[in-house]
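Raw contents of upload.tsv, TSV, C-alpha atoms and all ligand atoms:
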chain	number	residue	atom	x	y	z
A	22	MET	CA	0.00	0.00	0.00
A	23	SER	CA	1.38	3.40	-0.86
A	24	TYR	CA	0.41	6.78	0.45
A	25	PRO	CA	0.59	9.73	-1.94
A	26	VAL	CA	2.47	12.58	-0.34
A	27	ASN	CA	1.74	16.18	-1.19
A	28	LYS	CA	3.53	19.38	-0.44
A	29	ALA	CA	1.64	22.57	0.17
A	30	VAL	CA	2.15	26.22	0.87
A	31	PHE	CA	-0.23	27.83	3.33
A	32	ILE	CA	-0.33	31.54	2.74
A	33	ASP	CA	-1.63	34.37	4.83
A	34	ARG	CA	-3.90	36.76	2.95
A	35	ASP	CA	-3.61	40.33	4.22
A	36	GLY	CA	-0.16	41.85	3.83
A	37	THR	CA	1.14	38.74	2.05
A	38	LEU	CA	-1.01	38.13	-1.07
A	39	ILE	CA	-2.73	41.50	-1.00
A	40	GLU	CA	-2.16	44.95	0.47
A	41	GLU	CA	-2.79	45.13	4.19
A	42	VAL	CA	-6.02	47.04	4.77
A	43	ASN	CA	-7.34	47.16	8.30
A	44	PHE	CA	-10.52	45.04	8.32
A	45	LEU	CA	-10.75	44.81	4.53
A	46	SER	CA	-14.36	44.36	3.47
A	47	ARG	CA	-14.94	46.42	0.32
A	48	LEU	CA	-14.01	45.13	-3.11
A	49	GLU	CA	-12.72	48.55	-4.12
A	50	ASP	CA	-10.08	48.30	-1.37
A	51	LEU	CA	-8.78	44.92	-2.60
A	52	GLN	CA	-5.30	45.29	-4.08
A	53	ILE	CA	-3.51	42.11	-5.05
A	54	PHE	CA	0.24	42.66	-5.00
A	55	PRO	CA	1.72	42.87	-8.54
A	56	PHE	CA	4.02	39.87	-7.84
A	57	THR	CA	1.39	37.54	-6.36
A	58	SER	CA	0.32	35.88	-9.61
A	59	LYS	CA	3.89	35.08	-10.61
A	60	ALA	CA	4.78	33.76	-7.16
A	61	LEU	CA	1.77	31.44	-7.05
A	62	THR	CA	2.40	30.27	-10.60
A	63	MET	CA	5.95	29.31	-9.65
A	64	LEU	CA	4.68	27.33	-6.67
A	65	ARG	CA	2.15	25.58	-8.89
A	66	GLU	CA	4.79	24.68	-11.45
A	67	ASN	CA	6.82	23.12	-8.67
A	68	GLY	CA	3.99	20.92	-7.47
A	69	PHE	CA	2.76	22.79	-4.41
A	70	LYS	CA	-0.86	22.95	-3.40
A	71	ILE	CA	-1.80	26.48	-2.38
A	72	HIS	CA	-4.11	27.22	0.53
A	73	VAL	CA	-4.99	30.63	1.90
A	74	VAL	CA	-5.36	30.72	5.70
A	75	THR	CA	-6.64	33.99	7.13
A	76	ASN	CA	-7.80	35.28	10.50
A	77	GLN	CA	-10.91	37.37	9.89
A	78	SER	CA	-12.00	38.49	13.32
A	79	GLY	CA	-13.74	41.46	11.69
A	80	ILE	CA	-16.61	39.00	11.18
A	81	GLY	CA	-16.76	38.13	14.88
A	82	ARG	CA	-16.49	41.80	15.74
A	83	GLY	CA	-19.44	42.63	13.49
A	84	ILE	CA	-17.36	44.98	11.32
A	85	TYR	CA	-18.21	43.09	8.15
A	86	THR	CA	-20.07	39.93	7.20
A	87	GLU	CA	-18.92	36.53	6.05
A	88	GLN	CA	-20.52	37.36	2.70
A	89	ASP	CA	-18.35	40.48	2.39
A	90	MET	CA	-15.30	38.30	2.90
A	91	HIS	CA	-16.49	35.70	0.40
A	92	SER	CA	-16.88	38.37	-2.26
A	93	ILE	CA	-13.26	39.38	-1.67
A	94	HIS	CA	-12.22	35.75	-2.10
A	95	ARG	CA	-14.32	35.36	-5.24
A	96	GLN	CA	-12.58	38.38	-6.74
A	97	MET	CA	-9.18	36.99	-5.80
A	98	THR	CA	-10.10	33.67	-7.44
A	99	ALA	CA	-11.12	35.53	-10.59
A	100	ASP	CA	-7.92	37.58	-10.64
A	101	LEU	CA	-5.65	34.59	-9.82
A	102	PRO	CA	-7.32	31.90	-11.92
A	103	GLY	CA	-6.42	28.32	-11.11
A	104	LEU	CA	-3.80	29.30	-8.55
A	105	ILE	CA	-5.55	28.88	-5.19
A	106	ASP	CA	-6.77	25.47	-4.08
A	107	SER	CA	-8.80	26.69	-1.12
A	108	PHE	CA	-9.53	29.54	1.27
A	109	HIS	CA	-9.79	28.95	5.00
A	110	PHE	CA	-10.81	31.61	7.48
A	111	CYS	CA	-11.29	32.05	11.19
A	112	PRO	CA	-14.23	34.39	11.89
A	113	HIS	CA	-13.85	34.28	15.65
A	114	LEU	CA	-12.73	36.85	18.19
A	115	PRO	CA	-9.15	36.52	19.43
A	116	ASP	CA	-10.28	35.42	22.90
A	117	ALA	CA	-12.86	32.91	21.67
A	118	GLY	CA	-10.55	29.97	22.28
A	119	CYS	CA	-11.24	28.39	18.89
A	120	ARG	CA	-8.78	26.03	17.28
A	121	CYS	CA	-8.85	27.75	13.88
A	122	ARG	CA	-7.44	31.16	14.76
A	123	LYS	CA	-3.74	31.40	13.95
A	124	PRO	CA	-1.37	30.59	15.61
A	125	ASN	CA	-3.54	27.50	16.16
A	126	THR	CA	-3.40	24.97	13.37
A	127	GLY	CA	-7.09	24.25	12.72
A	128	MET	CA	-7.13	25.85	9.28
A	129	ILE	CA	-4.02	23.99	8.18
A	130	ASP	CA	-5.44	20.72	9.47
A	131	GLU	CA	-8.68	21.42	7.64
A	132	ALA	CA	-6.96	22.39	4.40
A	133	SER	CA	-4.81	19.27	4.34
A	134	ALA	CA	-7.38	16.78	5.66
A	135	ALA	CA	-8.20	15.42	2.22
A	136	TYR	CA	-4.67	14.30	1.38
A	137	THR	CA	-1.42	13.17	2.92
A	138	LEU	CA	0.67	16.23	3.58
A	139	ASP	CA	4.45	16.13	3.66
A	140	ARG	CA	4.69	18.75	6.40
A	141	ARG	CA	8.43	19.14	6.43
A	142	ASN	CA	8.52	20.07	2.78
A	143	SER	CA	5.53	22.34	3.20
A	144	TRP	CA	5.50	25.98	4.18
A	145	MET	CA	3.60	28.70	5.95
A	146	ILE	CA	4.20	32.17	4.53
A	147	GLY	CA	3.02	35.35	6.21
A	148	ASP	CA	3.81	38.88	7.29
A	149	LYS	CA	3.43	38.42	11.06
A	150	TYR	CA	5.12	36.36	13.74
A	151	LEU	CA	1.72	34.86	14.30
A	152	ASP	CA	2.03	33.27	10.86
A	153	ILE	CA	5.52	31.99	11.55
A	154	GLN	CA	4.35	30.57	14.86
A	155	THR	CA	1.45	28.88	13.08
A	156	GLY	CA	3.88	27.19	10.74
A	157	LYS	CA	6.00	26.00	13.62
A	158	ASN	CA	2.96	24.74	15.51
A	159	ALA	CA	1.90	22.76	12.46
A	160	GLY	CA	5.35	21.26	11.85
A	161	LEU	CA	5.87	23.26	8.66
A	162	ARG	CA	8.73	25.42	7.52
A	163	SER	CA	8.04	29.10	7.64
A	164	ALA	CA	8.80	32.20	5.61
A	165	LEU	CA	8.32	35.78	6.71
A	166	VAL	CA	7.64	38.44	4.09
A	167	ARG	CA	8.50	42.08	4.55
A	168	THR	CA	5.27	43.41	3.10
A	169	GLY	CA	2.29	44.34	5.29
A	170	TYR	CA	3.21	44.14	8.98
A	171	GLY	CA	6.45	42.41	8.00
A	172	GLU	CA	7.94	45.79	7.16
A	173	ARG	CA	8.14	46.56	10.86
A	174	ILE	CA	9.68	43.35	12.18
A	175	SER	CA	13.30	43.78	13.20
A	176	ASP	CA	16.04	42.19	11.14
A	177	THR	CA	17.77	40.53	14.03
A	178	ASP	CA	15.01	38.03	14.63
A	179	GLN	CA	15.73	34.62	13.21
A	180	ILE	CA	12.53	32.83	14.01
A	181	ALA	CA	11.53	32.19	10.37
A	182	ASP	CA	13.39	29.70	8.17
A	183	ILE	CA	13.35	32.27	5.38
A	184	ILE	CA	12.84	36.01	5.24
A	185	GLY	CA	11.87	37.43	1.86
A	186	ARG	CA	11.36	40.99	0.69
A	187	ASN	CA	7.95	39.93	-0.51
A	188	LEU	CA	6.07	36.80	-1.55
A	189	LEU	CA	7.93	36.41	-4.83
A	190	ASP	CA	11.30	36.71	-3.11
A	191	ALA	CA	10.24	34.18	-0.48
A	192	VAL	CA	9.06	31.75	-3.15
A	193	ASP	CA	12.35	32.16	-4.99
A	194	LEU	CA	14.24	31.25	-1.82
A	195	ILE	CA	11.96	28.30	-1.10
A	196	LEU	CA	12.39	26.89	-4.59
A	197	GLN	CA	16.15	27.37	-4.56
A	198	GLY	CA	16.24	25.30	-1.39
A	199	SER	CA	14.09	22.62	-2.94
A	200	VAL	CA	16.25	22.42	-6.04
A	201	LYS	CA	19.35	21.94	-3.94
A	202	GLY	CA	17.61	19.07	-2.19
A	203	SER	CA	18.49	20.39	1.23
A	204	LEU	CA	14.88	20.23	2.29
A	205	ALA	CA	14.10	16.83	0.89
A	206	THR	CA	16.55	15.20	3.25
A	207	ALA	CA	14.44	16.34	6.18
A	208	VAL	CA	11.70	13.91	5.27
A	209	SER	CA	12.01	10.37	6.40
A	210	GLY	CA	9.77	7.79	7.93
A	211	SER	CA	6.13	7.97	8.80
A	212	GLU	CA	6.37	10.85	11.22
A	213	ALA	CA	6.44	13.43	8.45
A	214	GLU	CA	3.58	11.84	6.55
A	215	ARG	CA	0.61	13.13	8.41
A	301	MG	MG	-1.16	39.23	7.33
A	302	ZN	ZN	-11.61	30.47	14.85
Output the file's structure as structure tokens, nothing else.
Amino acid sequence: MSYPVNKAVFIDRDGTLIEEVNFLSRLEDLQIFPFTSKALTMLRENGFKIHVVTNQSGIGRGIYTEQDMHSIHRQMTADLPGLIDSFHFCPHLPDAGCRCRKPNTGMIDEASAAYTLDRRNSWMIGDKYLDIQTGKNAGLRSALVRTGYGERISDTDQIADIIGRNLLDAVDLILQGSVKGSLATAVSGSEAER
């Protein structure tokens, strides 16, 4: 019996794929970064599944509705055709104690439930430490981008495996590592195949 193993990149939305807008809810405020399409295409070409994982407490706070958020995601799907496998969101308040809000791993578990994920060749990319911590909590590698809130994080911190100027730069670094095979050696045995 063999178990197909998949690699995936879990990507934060605000400040990573699109411009950070505090409590984004209006389509006219949606601005996909100019490099996002190319970065996702490169991941696709290298066999990664692509899942968006986003904390959207603005829903729990009553600032906007789940439908508002879905229309943003529909527009992103239209503008980035065939590049995003799924969107996952946490609508809860930060103190709700849910298991989906990053840095908890509920959204990653949900996104990868349908297939066998090779976690140690999979990545979490985001603009906040919360994203990096999420990756660590899920047993993934992690990349910090210096867009969005990432602009303000000090250089001396080494918590992420990779720090990129933006998503495209981070993807470049991830794929260079994969080509060299330095990441592949990390996977062995059944532990990684969950
Ligand atoms: Mg963000
Ligand atoms: Zn939640």
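Nearest residue to Leu48 in chain A, choosing from A:Met63, A:Ile184, A:Cys119, A:Met90 and counting all atoms listed in the file: A:Met90.
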Identify, counting only C-alpha atoms and all ligand atoms, the protein, DNA and RNA residues located within 7 Å of ligand ZN 302 (chain A), and give them as a compact mmCIF listing (two decimals) with C-alpha atoms, in the coordinates of the input.
# COMPACT_ATOMS: atom_id res chain seq x y z
CA CYS A 111 -11.29 32.05 11.19
CA PRO A 112 -14.23 34.39 11.89
CA HIS A 113 -13.85 34.28 15.65
CA CYS A 119 -11.24 28.39 18.89
CA ARG A 120 -8.78 26.03 17.28
CA CYS A 121 -8.85 27.75 13.88
CA ARG A 122 -7.44 31.16 14.76
Nearest residue to Ala159 in chain A from the set A:Asp139, A:Asp130, A:Asp182, A:Glu40 (distances using only C-alpha atoms): A:Asp130
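Residue nearest ligand MG 301 (chain A) within the list A:Thr75, A:Thr98, A:Asn142, A:Asn158: A:Thr75 [criterion: smallest interatomic distance, all atoms listed in the file].
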Within 12 Å of ligand MG 301 (chain A), counting all atoms listed in the file, which protein or nucleic acid residues do you find, written as a CSV table (one decimal) with C-alpha atoms, in the frame of the given file?
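Output saved as selection-v3.csv:
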chain,number,residue,atom,x,y,z
A,32,ILE,CA,-0.3,31.5,2.7
A,33,ASP,CA,-1.6,34.4,4.8
A,34,ARG,CA,-3.9,36.8,3.0
A,35,ASP,CA,-3.6,40.3,4.2
A,36,GLY,CA,-0.2,41.8,3.8
A,37,THR,CA,1.1,38.7,2.0
A,38,LEU,CA,-1.0,38.1,-1.1
A,39,ILE,CA,-2.7,41.5,-1.0
A,40,GLU,CA,-2.2,45.0,0.5
A,41,GLU,CA,-2.8,45.1,4.2
A,42,VAL,CA,-6.0,47.0,4.8
A,43,ASN,CA,-7.3,47.2,8.3
A,44,PHE,CA,-10.5,45.0,8.3
A,45,LEU,CA,-10.8,44.8,4.5
A,73,VAL,CA,-5.0,30.6,1.9
A,74,VAL,CA,-5.4,30.7,5.7
A,75,THR,CA,-6.6,34.0,7.1
A,76,ASN,CA,-7.8,35.3,10.5
A,77,GLN,CA,-10.9,37.4,9.9
A,123,LYS,CA,-3.7,31.4,14.0
A,124,PRO,CA,-1.4,30.6,15.6
A,145,MET,CA,3.6,28.7,6.0
A,146,ILE,CA,4.2,32.2,4.5
A,147,GLY,CA,3.0,35.4,6.2
A,148,ASP,CA,3.8,38.9,7.3
A,149,LYS,CA,3.4,38.4,11.1
A,150,TYR,CA,5.1,36.4,13.7
A,151,LEU,CA,1.7,34.9,14.3
A,152,ASP,CA,2.0,33.3,10.9
A,153,ILE,CA,5.5,32.0,11.6
A,165,LEU,CA,8.3,35.8,6.7
A,166,VAL,CA,7.6,38.4,4.1
A,167,ARG,CA,8.5,42.1,4.6
A,168,THR,CA,5.3,43.4,3.1
A,169,GLY,CA,2.3,44.3,5.3
A,170,TYR,CA,3.2,44.1,9.0
A,171,GLY,CA,6.4,42.4,8.0
A,172,GLU,CA,7.9,45.8,7.2
A,188,LEU,CA,6.1,36.8,-1.6
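Distances from A:Leu114, A:Ile71, A:Ile180, A:Leu194 to Lys157 in chain A were compared using only C-alpha atoms, and the smallest one belongs to A:Ile180.
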Pairwise distance for CA of Ile105 in chain A and CA of Ala132 in chain A, rounded to one decimal in Å: 11.7 Å
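The two atoms in question, CA of Asn125 in chain A and CA of Ser92 in chain A, are spaced 25.2 Å apart.
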